[in-house]
Every structure is written in structure tokens, then in C-alpha cells.
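So the structure is just underneath, and the comments pick up after that.
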Amino acid sequence: MTGQMLRLGISRCLLGESVRFDGGHKHDHFLTDVLGRYVEWVPVCPEVEAGLGTPREAMRLVGDPDRPQLITVKSGMDHTEAVERVSANRLQNLKRLSLSGYVFKKDSPSCGIERVRLYNQSGMPSRQGVGIFARAFMNQFPLIPVEEEGRLCDPDLRENFIERVFSYRRYQELLVKSPSRQSVVQFHTMHKYLLLSHSHPHYEALGRLVGQAHRYHPKELAMKYGELFMKALAVKATVRKHVNVLQHIVGFFKTRLTAQEKRELLGVIDDYHRGLTPLIAPLTLIRHYVTLFDVSYIHAQVYLNPHPKELMLRNHV
Ligand code: SF4
């Protein structure tokens with residue numbers, strides 16, 4: 001897997017393919033033109049794969065929130081079984097592809113991951129639905145990061161998703177190499193500051209887990225670690241948490257800075273804290289000092305380079 005391109009599943013209509021019920025698409029240019037440079041997309045359209053054709057009658061979710069039916073809006077035809085059958089087959093195929101994430105089309109009765117319109121028997125909608133294929137996917141692959149294209153317009157949610165995708169990929173690489181207890185501990189060490197920027201309680205729980213590594217078989221340890229690791233990264237990073245991490249890192253080399261350098265660096269961190277400058281500003285300065293002073297422990301921290309800089313995910317205020 002090492003060196004292989006990152007592989008992500010995607011609702012086919014987001015790539016600009018005309019597979020929607022109305023014969024159209026929902027091309028998302030960030031996904032194809034920007035993120036697409038770093039990932040190999042695996043497109044899936046469960047409705048077309050179920051043989052429903054394009055264009056086709058619009059459908060909606062009806063009934064029980066935990067096991068809704070997929071019903072055509074005008075003629076009332078029930079396509080639940082067809083889409084469920086295709087979903088089960090497709091998941092078997094996706095299992096072999098080692099996906100590192102999935103981008104779903106929001107609001108779709110097949111692909112939406114949350115808040116999809118669900119109608120009760122009297123035709124009243126609520127926002128409790130989950131698309132039939134999306135639900136099956138999330139049940140089958142609970143650790144794989146998933147997101148909807150609409151939420152990716154929010155810079156914080158976008159960074160969080162992409163950070164989780166790249167982190168999950170590193171975790172997959174750890175698993176592929178038959179992890180030892182030591183490699184799990186090393187993995188934890190290099191993710192220390194990334195974890196702290198998301199969740200201190202999860203970071204501590206992971207620390208306790210690796211502290212008791214000898215109690216587990218290496219594979220069991222890696223599985224337990226991965227579950228908690230992905231939960232930690234799903235907790236939103238905040239400015240306050242980033243500031244805390246930056247100050248910790250500065251502690252490794254601040255005695256080697258001149259008074260003016262220290263003032264300048266703390267000033268940039270403070271500007272970031274007050275929303276005057278993006279995270280990339282203090283980070284660039286810190287990376288410079290980490291290299292200059294050869295602070296190897298920090299150099300190895302994923303936090304400094306969690307995803308390709310060309311994605312410019314830390315460049316917003
Ligand atoms: S939302 Fe899903 S089912 Fe609907 S057109 Fe897009 S890929 Fe197909």
C-alpha cells in the first residue's frame with residue numbers, strides 16, 4: 001500500500017457524471033480539480049447500479065428511521081430491495097480496494113449520511129433519514145472517514161475530513177505491515193500533537209492504551225488503538241487547542257531564541273489566537289526553527305505536515 005495513491009469512494013454524480021434521477025449531475029470542482037490531484041476516486045452510483053436508469057422517477061425515504069424504504073414519489077414503487085442488494089455486493093468489492101475515505105452526496109435517499117428527508121406514512125417529512133447505501137457503508141466500515149460534499153465548503157470541516165483521510169491512510173499502512181507493539185507506540189508518538197489539537201481526553205486514553213501495550217496481542221492492540229485514534233480525530237480541532245499545541249512545541253526550543261525572535265514568534269501565535277492570521281503563519285515559523293535547531297522529536301510530528309501543503313487547508317482565518 002505504501003506509495004500507492006490515496007483511494008477514496010465518491011458518489012458518482014459529484015464527479016460530473018450525469019447519473020442523477022433528473023439526468024443531471026452535481027459536479028464538485030474542489031473534489032475533482034483540487035483534491036483529485038492526490039486521490040484516486042472510486043465512483044459508485046447505487047441507484048444506476050441497481051438498474052434504475054437515468055433519468056428515473058425521483059425517490060424518497062419512507063417509514064422507520066432505522067430501516068426506511070426507498071419509494072418513488074409519484075408511482076409509489078418500492079426500490080428498497082434492489083438498492084440494498086446492490087449495496088451489499090458493492091461493499092464486498094469496496095472491501096478489497098482499501099478505501100481511505102468516502103465523499104457522499106448530501107440529501108440523497110441513497111447516498112446522504114445524515115439529515116436526509118424521511119417521510120412518515122402521512123407524508124410528513126423529518127430530517128432523520130440516512131441514505132440506504134450510505135448507512136450500509138458506514139455499518140460495514142465504521143472507521144473510514146466519511147463526509148458530504150456540502151459540508152466540505154466549510155474550511156474547518158474540510159480540513160478535519162482531509163486530515164482524517166490522511167491519518168486513516170497512515171493507520172492502514174501500519175496495519176498492512178503486521179504491527180508490533182513497538183510500531184503502535186511509535187505511531188502514537190508521532191501523532192501526539194495532532195491528537196492534542198483534537199482531543200486531550202482521547203490523547204490521554206490512547207497514551208494509557210500504549211502504556212499497557214504488553215497486555216495485548218499486537219494485532220489486538222493495533223485494532224483498539226485505531227478505533228480510539230479515529231474517534232479522537234473526529235473531535236473538532238479548535239483555535240484554542242491549536243494555540244495550546246503551538247505553545248507546547250515552542251517550549252522545545254524557546255531557550256535558543258533571542259528575545260526578539262521569541263517576541264516575534266509569540267506575537268504571531270497571538271495573532272492566530274485573535275483570528276488575525278491563519279494557522280499556517282505560526283506553523284511556518286515553527287517549522288523553520290524546528291529545522292534550524294534540529295529538534296528531531298518535533299520534526300517527526302505529523303502535526304507539522306498532516307496533509308499536502310498545496311491543499312492550503314491551514315491558510316484561512
Ligand atoms: S446521489 Fe448517489 S444515487 Fe444519487 S445520483 Fe448521486 S451517486 Fe447516484
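By order of appearance in the C-alpha cells: chains A, B, ..., then residues from 1 within every chain, and ligands from 1 in the order shown.
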Exercise. For ligand 1, collect every residue having any atom at a distance of at most 9 Å from a ligand atom (counting only C-alpha atoms and all ligand atoms); output as an MDAnalysis selection string.
Key: chainID A and resid 10:14 17:26 43:49 54 104:112 131 133:134
Exercise. Excluding region 39-41 of chain A and any residue of its chain fewer than 2 positions from it, enumerate the residues within 8 Å of it, using only C-alpha atoms, and give them as a PyMOL selection string.
Key: chain A and resi 5-10+35-37+43
Practice problem: From a DSSP pass on the backbone, collect the residues of region 62-296 of chain A flagged as strand (DSSP E) and hand them back as a VMD selection string. | Solution: chain A and resid 62 69 to 72 101 to 104 116 to 119 125 to 129 146 to 148
Writing out the chosen residues with C-alpha atoms as a tab-separated table (two decimals), in the first residue's frame:
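In the end it all went to out13.tsv:
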chain	number	residue	atom	x	y	z
A	62	VAL	CA	-40.37	6.47	3.90
A	69	GLN	CA	-38.00	2.10	2.40
A	70	LEU	CA	-36.97	3.73	-0.85
A	71	ILE	CA	-40.18	4.66	-2.64
A	72	THR	CA	-40.73	6.53	-5.93
A	101	GLY	CA	-12.39	7.79	2.90
A	102	TYR	CA	-15.66	8.44	1.14
A	103	VAL	CA	-17.39	11.61	-0.07
A	104	PHE	CA	-21.17	11.22	-0.28
A	116	VAL	CA	-31.92	13.11	4.74
A	117	ARG	CA	-35.67	13.77	4.41
A	118	LEU	CA	-37.65	10.85	5.77
A	119	TYR	CA	-41.43	10.78	5.26
A	125	PRO	CA	-41.07	14.87	6.31
A	126	SER	CA	-38.46	14.97	9.07
A	127	ARG	CA	-34.69	15.21	8.82
A	128	GLN	CA	-33.95	11.85	10.43
A	129	GLY	CA	-33.02	9.81	7.38
A	146	VAL	CA	-16.95	9.90	5.53
A	147	GLU	CA	-18.21	13.35	4.66
A	148	GLU	CA	-20.79	15.03	2.44
Practice problem: Extract, using only C-alpha atoms, all DNA, RNA and protein residues at most 12 Å from Thr277 (chain A), discarding same-chain residues fewer than 4 positions from it, and format them as a list in words. | Solution: Val239, Gly267, Val268, Ile269, Asp270, Asp271, Tyr272, His273, Ala281, Pro282, Leu283, Arg314, Asn315, His316 and Val317 of chain A
Save the residues we just selected, C-alpha atoms, as a short mmCIF file (atom, residue, chain, number, x, y, z; two decimals), in the first residue's frame?
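Result written to selection_29.cif:
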data_model
loop_
_atom_site.label_atom_id
_atom_site.label_comp_id
_atom_site.auth_asym_id
_atom_site.auth_seq_id
_atom_site.Cartn_x
_atom_site.Cartn_y
_atom_site.Cartn_z
CA VAL A 239 -8.12 27.65 17.67
CA GLY A 267 3.22 37.60 18.62
CA VAL A 268 2.35 35.50 15.55
CA ILE A 269 0.75 32.83 17.75
CA ASP A 270 -1.25 35.56 19.48
CA ASP A 271 -2.35 36.97 16.10
CA TYR A 272 -3.56 33.50 15.17
CA HIS A 273 -5.38 33.25 18.52
CA ALA A 281 1.67 31.62 9.75
CA PRO A 282 2.87 30.43 13.21
CA LEU A 283 3.37 26.91 11.84
CA ARG A 314 -4.49 25.84 7.09
CA ASN A 315 -4.45 29.08 5.14
CA HIS A 316 -7.79 30.51 6.29
CA VAL A 317 -8.66 32.64 9.33
#
Exercise. Kindly indicate which residue among A:Arg135, A:Arg158, A:Arg169, A:His188 lies nearest to Phe229 (chain A), using only C-alpha atoms for the distances.
Key: A:His188
Self-check item: Sel. of helix (DSSP H, G or I) residues, region 6-44 of chain A, as a PyMOL selection string
Solution: chain A and resi 12-15+29-37
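Computed from the coordinates, the CA of Ser87 (chain A) to CA of Ala136 (chain A) distance equals 6.9 Å.
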Self-check item: CA of Lys241 (chain A) to CA of Tyr193 (chain A), distance in Å rounded to a single decimal
Solution: 10.0 Å
Exercise. Excluding Phe166 (chain A) and any residue of its chain fewer than 4 positions from it, enumerate the residues within 8 Å of it, using only C-alpha atoms, and give them as an MDAnalysis selection string.
Key: chainID A and resid 100 162 170 306:307
Expected file: the selected residues, N, CA and C atoms, as a compact mmCIF listing (two decimals), in the first residue's frame:
# COMPACT_ATOMS: atom_id res chain seq x y z
N SER A 100 -9.66 4.87 1.82
CA SER A 100 -9.23 5.66 2.98
C SER A 100 -10.26 6.73 3.34
N ILE A 162 -10.09 15.92 5.59
CA ILE A 162 -8.89 15.52 4.84
C ILE A 162 -7.78 15.05 5.79
N ARG A 170 -2.42 6.46 7.02
CA ARG A 170 -1.21 6.06 7.76
C ARG A 170 -1.52 4.87 8.66
N PRO A 306 0.39 17.40 8.20
CA PRO A 306 -0.58 16.29 8.20
C PRO A 306 -1.17 15.96 6.84
N HIS A 307 -1.04 16.90 5.88
CA HIS A 307 -1.58 16.68 4.53
C HIS A 307 -0.81 17.58 3.58
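Residue nearest Asn120 (chain A), chosen from A:Leu94, A:Leu61, A:Val83, A:Leu209 and counting only C-alpha atoms: A:Leu61.
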Quiz item: Which residues come within 8 Å of region 180-182 of chain A, counting only C-alpha atoms, excluding same-chain residues fewer than 6 positions away, as a VMD selection string?
Solution: chain A and resid 213 to 214 218 to 219 221 to 222
Selection file, N, CA and C atoms, as a PDB file, in the first residue's frame:
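In the end it all went to result_16.pdb:
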ATOM      1  N   ALA A 213       0.643  -1.716  26.542  1.00  0.00           N
ATOM      2  CA  ALA A 213       0.751  -2.483  25.287  1.00  0.00           C
ATOM      3  C   ALA A 213       1.039  -3.957  25.545  1.00  0.00           C
ATOM      4  N   HIS A 214       1.851  -4.239  26.601  1.00  0.00           N
ATOM      5  CA  HIS A 214       2.257  -5.626  26.866  1.00  0.00           C
ATOM      6  C   HIS A 214       1.071  -6.532  27.189  1.00  0.00           C
ATOM      7  N   PRO A 218      -0.247  -7.882  19.658  1.00  0.00           N
ATOM      8  CA  PRO A 218      -0.012  -6.693  18.834  1.00  0.00           C
ATOM      9  C   PRO A 218      -1.181  -6.332  17.910  1.00  0.00           C
ATOM     10  N   LYS A 219      -1.804  -7.347  17.316  1.00  0.00           N
ATOM     11  CA  LYS A 219      -2.905  -7.045  16.385  1.00  0.00           C
ATOM     12  C   LYS A 219      -4.108  -6.457  17.143  1.00  0.00           C
ATOM     13  N   LEU A 221      -3.944  -4.851  19.934  1.00  0.00           N
ATOM     14  CA  LEU A 221      -3.548  -3.501  20.348  1.00  0.00           C
ATOM     15  C   LEU A 221      -3.780  -2.516  19.196  1.00  0.00           C
ATOM     16  N   ALA A 222      -3.336  -2.901  17.994  1.00  0.00           N
ATOM     17  CA  ALA A 222      -3.475  -2.003  16.835  1.00  0.00           C
ATOM     18  C   ALA A 222      -4.945  -1.741  16.530  1.00  0.00           C
TER      19      ALA A 222
END
Self-check item: d(CA of Cys153 (chain A), CA of Leu15 (chain A)) in Å
Solution: 16.0 Å
Quiz item: Can you tell me, as an MDAnalysis selection string, what residues are no more than 10 Å from Tyr289 (chain A) when counting only C-alpha atoms, ignoring any on the same chain fewer than 5 positions away?
Solution: chainID A and resid 250 253:254 256:257 283:284 294:295
Output file for the residues above (N, CA and C atoms, as a PDB file, in the first residue's frame):
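Once written, result00.pdb looks like this:
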ATOM      1  N   VAL A 250       6.741  25.234  21.047  1.00  0.00           N
ATOM      2  CA  VAL A 250       7.721  26.312  21.232  1.00  0.00           C
ATOM      3  C   VAL A 250       8.589  26.033  22.466  1.00  0.00           C
ATOM      4  N   PHE A 253      12.175  24.703  22.065  1.00  0.00           N
ATOM      5  CA  PHE A 253      13.358  25.430  21.581  1.00  0.00           C
ATOM      6  C   PHE A 253      13.390  26.898  22.021  1.00  0.00           C
ATOM      7  N   LYS A 254      12.472  27.299  22.901  1.00  0.00           N
ATOM      8  CA  LYS A 254      12.396  28.741  23.171  1.00  0.00           C
ATOM      9  C   LYS A 254      13.640  29.302  23.857  1.00  0.00           C
ATOM     10  N   ARG A 256      16.482  28.775  23.014  1.00  0.00           N
ATOM     11  CA  ARG A 256      17.509  29.010  21.994  1.00  0.00           C
ATOM     12  C   ARG A 256      17.175  30.218  21.123  1.00  0.00           C
ATOM     13  N   LEU A 257      16.038  30.835  21.372  1.00  0.00           N
ATOM     14  CA  LEU A 257      15.649  32.013  20.588  1.00  0.00           C
ATOM     15  C   LEU A 257      16.193  33.279  21.243  1.00  0.00           C
ATOM     16  N   LEU A 283       2.804  28.230  12.145  1.00  0.00           N
ATOM     17  CA  LEU A 283       3.366  26.910  11.838  1.00  0.00           C
ATOM     18  C   LEU A 283       4.603  27.007  10.961  1.00  0.00           C
ATOM     19  N   THR A 284       4.567  27.930  10.003  1.00  0.00           N
ATOM     20  CA  THR A 284       5.720  28.082   9.104  1.00  0.00           C
ATOM     21  C   THR A 284       6.946  28.524   9.900  1.00  0.00           C
ATOM     22  N   ASP A 294      17.240  21.629  14.739  1.00  0.00           N
ATOM     23  CA  ASP A 294      17.247  20.176  14.606  1.00  0.00           C
ATOM     24  C   ASP A 294      16.557  19.482  15.792  1.00  0.00           C
ATOM     25  N   VAL A 295      15.324  19.914  16.069  1.00  0.00           N
ATOM     26  CA  VAL A 295      14.563  19.320  17.175  1.00  0.00           C
ATOM     27  C   VAL A 295      13.882  18.057  16.635  1.00  0.00           C
TER      28      VAL A 295
END
Self-check item: All residues 8 Å or closer to Ala234 (chain A), only C-alpha atoms, same chain fewer than 6 positions away omitted, as a ChimeraX atom specification
Solution: /A:160,164,198
Output C-alpha atoms of each residue in that selection to a file, as a tab-separated table (two decimals), in the first residue's frame.
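Output below, filename part14.tsv:
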chain	number	residue	atom	x	y	z
A	160	ASN	CA	-10.90	17.88	9.51
A	164	ARG	CA	-8.74	12.16	8.97
A	198	HIS	CA	-8.34	17.48	18.58
